[in-house]
Structure formats: structure tokens, C-alpha cells
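Chemist: Below are the C-alpha cells for one structure; questions will follow.
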Amino acid sequence: MKVNEEDNKKFAGMEKPDKKIYSVSDLNLYVKSLLRRDDEIQNIWVKGEISNFSHYESKHMYFVLKDEKSEINSVMFYSANKDMDFEPEEGMEVLCRGDVGLYVPRGQYQLVVKEMMVGGIGKLYLAYEQLKERLDEQGLFDEEHKKELPFLPEKVGIVTSEKGAALRDMVKVLKQRFENVDIFLAPALVQGDSAAESIVASIELLDKKGLDVMIVGRGGGSIEDLWCFNEEIVARAIYEANTPIVSAVGHETDFLISDFVADKRAPTPTGAAELVVPLKAELKQRLKHQERRGVTAVSNIVRGNREKLENLRGRPVFRDPNILLEDRYQSVDDNLKKLDLNIERYVEEYRRRLESQKERLKALGPFQTMERGYSIVMDKEGEVITSVHDVGVGELIDINVDDGEIEAETKEVKRCQKD
Amino acid sequence: MSERLEKIEDVDIESLGFKEALERLESINNRLERNKVPLEKAIELYQHGMSLIEHCDKKLEEAEGKIKKITEENEEEDLEIEIDDR
């Protein structure tokens, strides 16, 4: 977008613009990007009448959308129109969804149509889209509000037409899968003007019954027939109910609003019945399986314990308890033998100790000294005389020498001064 | 889980739903299969398991369900629905 040197020369003499100069292409490109950036005019719904319709070799469709006062060029590329179930015609009232853009080569502002619907359906669909968006924003479809279906319901509610095949299909499947369930039908009109009110009343009626789960639905039909399931009051009744609700309207594609708001969606009434109630035979099988597991596990434990017991019982002690006694006998004998030995050794030891003490005593005693010539003097009473005071003159005394006794009489007792 | 099973005598089997009973049964079996259970406890668990099975069986065999029609006037009436069994 820069103005180059040449341009500057070419436009010399003209008043120099204080803003930059655009080329036409750049301008158109810029406006195109402006339009694309504006979310307000992207993915919008526009209603109008088709004119100047042409369907090119390229399979793209070009036409003008107009109303009484205005018109807009429109294009619908092959990628968008290939799945249409009708061919647009001159003068047809249509509802288009698309993005506002700009065709750069012609500088032409246009609607790039992604989806086109005709007449009444178009209006319905528009209302549907708007309601869906609004309820979504209000959190009616949030996962956190979805209630879990009970594993095995005892009371199942059904809101549908009393006359329709859907009811018979559901009852049949419920009974086939699990004949013990109680079924509570609250009949409702499921098409026509008062259908939505009727469905709401029946949902509220059943919700008060304290059922385990509720199926709300009908068999397939045209989109107009099913429309009551797109009504806001139905959506809110489903949302408000305390009972878990399965939406069950027979249709393949394009979910209905009841499908979004329900706790679970089933593609058909039969599908809903299958969803709600488990197959009894399967439950019985599961139960049987658990029973077998339990029996096997316990008998394994019992066998394990028995094996342990057998192992213990197989040990020598249990096979021949005498072994225990034999061992004891032997042990007693052993100990006796040891005791004998110990006593002998003990006596021997003491004898030796006695002997050695005797030797020591001998060494300390007087007898060896007497061998060397000392003697012990005693009075008549056998008291050893150790002092001059122990004896008087003329008394008889015994003089013990190493090899005998000498009897003698004292002639004089004299005390000598000890130095 | 084992803690929950510790006091099996405290459980009122009658008050258990089928699913709860079945899940209890499964965890008892898991415990028994781990083979670490003393014999007395094993027998106790086994008996508890058998009671659970009996309870589940009863739940499955309860009398055939009824079909009732509820009207706006809040009346219940028995409903006969012919089912094409072909």
C-alpha cells in the first residue's frame, strides 16, 4: 500500500494528500477484511425473496436476495449447496445463513450463503437455532446438570401418545428385558398445537410420582410433527424435573432441543427402553459369574489351608510322636553322662585344691622350724608358754621338739629386758 | 475398599440396590481371590456374598411389574397393552 516514486511523479502538482493513497484492489481487499472481521455480520440469518437466480456449470449458485425496499447479491458455492433438498426458484421466500463478504474484482458486497431453508421450515429452524443458543447460554444443556440413570429402575415413567406404536414398542422392550419393572404411562399429545403443553403436564405429573426414570418421546415423523420437542416449555419441564429423563424421539439426524436438555438421548423409543432397563438375562449371568468366582475363591482358600495342614501333619513329629520322647530319653541320658563326668571332674578339682592348700599350710606351720632346732614349750594344761609370767618356779613343763617331747621342771624364772 | 468391607455385619443387605449389592459382591470376590484372607474371614465373606446373591436373585425375581395409566386427575388405572410379539 505504499505510494511509490512513480506515483509521486505522476500526481505531481496535485495537492499532496496527508493520508496514504490506496489502489482500488487494496481498498477492496481492505474493506473485505473489515467485513470479515465483524462478527455481527458473520454467520447470520437473512430472510428474503430470490431473484435473478442462476445455477452455473461450476455448480455454484448466484442470485439476489431482496425484499420490498432493498437487495443484496448472494452466492452459494457448491460445497454449501450440494446437500440441499430443494432447488431454489425465482420469487421463493427463503431463509439463508451466511457470512457478509466482498467480491474484490467487482467491489461488490455480497452474502456468501452457507445454508438455505424455504418457507415455514425456515422460520421454524431459525426459531430453533435461537432457542437452542439461548438455552445453551442459560446452562440448560450443561453436563453437570445431567442426572445419572439408575442401573436397575423399578418404576419407569413414559410420556407419549397412548395411541402410538411408540408406546407398544417401549412396553414390549421393557418387558422383554426386565418384566418386573412397573410402567407408568402419562398419555400426552405428541403433535399439533397443544402438544407442548400436554407433554409438559405429563412430565410434571410423573415427576411427582417418585419414579426411577422417565422416557419422553414419540416415533418418527416430519420435522413439523416433531416440533413440539423443540418448544421451550418442554425443554424447561425436562430441565426442572427431578426424575432422570431420557429423550426418545424417532429421528436420525438433527437433534431436537429435548435431546440436548434431557439427561440421556435415545434415537428411538425402542432405544430408550433398552437404555433404561438392563437385560435381565445378562444380570443373571453376571450374578452367576460372581457366585462361581466366590465359590472358587473360597474353595481355593480352604484347599490352601488344608494343604498347609497336611504339610504340617506330614512332618516326622506328627507321624511318630515317640520321636519326641526318644529325643527326650536320649537327652536325659546325655545329661546324666555329663553330670557324672562333671562331678568326677569337680571332686578331682577340689582334691587338688585341698592338696595345694595343705602344702601351703605346712610351709607356714611350725613343724619345719622345729626341724631346724626350735621347740614349743607348754604348761601342764597344754597351753603354749610365751612369757615368764605364764610359769612359776618348780612347775612341770613339756618341751616339744621335732621328734618328740621332753618333760622338765623349772628351776628359776628370770625376766630379761627386751632391747 | 477393604476398609469398607471390614464390617460386613454392619451392612443391611435388604437396603442395598441391585447395583450396590453386585458391586459389593465383586469386591468381596476380588478380596477372596487375592488369597490373603484368613480362613475364618474367608468363610464370613463367603456367607456375606451368598446373602448378597440371594438378595440380588430376589430383586430379579420379584413379581411381574404392572402397567398403570396416570391421568391429570391424578388417578391411576391399570392399563392393558397388547404387545405384538412376532
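In the C-alpha cells, each chain is lettered A, B, ... as it comes, each chain's residues begin at 1, and ligands are numbered from 1 in order of appearance.
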May I have the residues of chain A within 6 Å of chain B, counting only C-alpha atoms, written as a ChimeraX atom specification?

Modeler: /A:179-186,294,297

Chemist: Selection from above, N, CA and C atoms, as a tab-separated table (two decimals), in the first residue's frame, can you write it?

Modeler:
chain	number	residue	atom	x	y	z
A	179	GLU	N	-39.05	-58.00	33.03
A	179	GLU	CA	-40.51	-57.94	33.15
A	179	GLU	C	-40.98	-57.39	34.50
A	180	ASN	N	-40.06	-57.28	35.50
A	180	ASN	CA	-40.53	-56.82	36.81
A	180	ASN	C	-40.74	-55.32	36.93
A	181	VAL	N	-40.33	-54.54	35.94
A	181	VAL	CA	-40.49	-53.09	36.11
A	181	VAL	C	-41.96	-52.70	36.05
A	182	ASP	N	-42.29	-51.74	36.92
A	182	ASP	CA	-43.62	-51.13	36.85
A	182	ASP	C	-43.55	-49.98	35.85
A	183	ILE	N	-44.55	-49.93	35.00
A	183	ILE	CA	-44.56	-48.87	33.98
A	183	ILE	C	-45.70	-47.91	34.26
A	184	PHE	N	-45.41	-46.63	34.27
A	184	PHE	CA	-46.43	-45.62	34.50
A	184	PHE	C	-46.53	-44.75	33.26
A	185	LEU	N	-47.68	-44.82	32.63
A	185	LEU	CA	-47.88	-44.02	31.43
A	185	LEU	C	-48.66	-42.76	31.75
A	186	ALA	N	-48.12	-41.64	31.34
A	186	ALA	CA	-48.90	-40.40	31.38
A	186	ALA	C	-49.12	-40.00	29.92
A	294	GLY	N	-16.87	-66.55	43.71
A	294	GLY	CA	-16.84	-66.66	45.17
A	294	GLY	C	-16.56	-68.09	45.61
A	297	ALA	N	-12.99	-69.02	44.78
A	297	ALA	CA	-12.02	-68.35	45.65
A	297	ALA	C	-12.01	-68.98	47.04

Chemist: Identify, with DSSP run on backbone atoms, the residues in segment 14-72 of chain B assigned to strand (DSSP E or B), and express the list as a list in words.

Modeler: Ile67, Lys68, Lys69 and Ile70 of chain B

Chemist: Take atom CA of Pro105 of chain A and atom CA of Lys32 of chain A and report the distance between them in Å, one decimal.

Modeler: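 One can read the atom CA of Pro105 of chain A to atom CA of Lys32 of chain A distance as 11.2 Å.
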
Chemist: For the atom pair atom CA of Tyr128 of chain A and atom CA of Trp227 of chain A, what is the interatomic distance in Å to one decimal place?

Modeler: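 Result for atom CA of Tyr128 of chain A versus atom CA of Trp227 of chain A: 9.2 Å, one decimal.
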
Chemist: What residues in segment 138-277 of chain A get the DSSP label alpha helix (DSSP H)? Please answer as a VMD selection string.

Modeler: chain A and resid 165 to 177 195 to 207 232 to 240 257 to 261 269 to 276

Chemist: Just checking: using only C-alpha atoms, which residue out of A:Ser198, A:Val277, A:Asn335, A:Leu135 ends up closest to Val171 of chain A?

Modeler: A:Val277

Chemist: Would you mind listing what lies within 12 Å of segment 390-394 of chain A as a ChimeraX atom specification, with only C-alpha atoms counted and same-chain residues fewer than 5 positions away left out?

Modeler: /A:377-385,408-415

Chemist: What does the structure give for the distance between atom CA of Asn230 of chain A and atom CA of Ile257 of chain A, in Å to one decimal?

Modeler: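 Interatomic distance here is 4.9 Å.
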
Chemist: Report as a list in words all protein, DNA and RNA residues lying within 7 Å of segment 61-67 of chain A, evaluated on only C-alpha atoms, omitting residues in the same chain fewer than 6 positions from it.

Modeler: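 Result of the neighbour search: Gly48, Glu49, Ile50, Ser51, Asn52, Phe53, Ser54, His55, Asn73, Ser74, Val75, Met76 and Phe77 of chain A.
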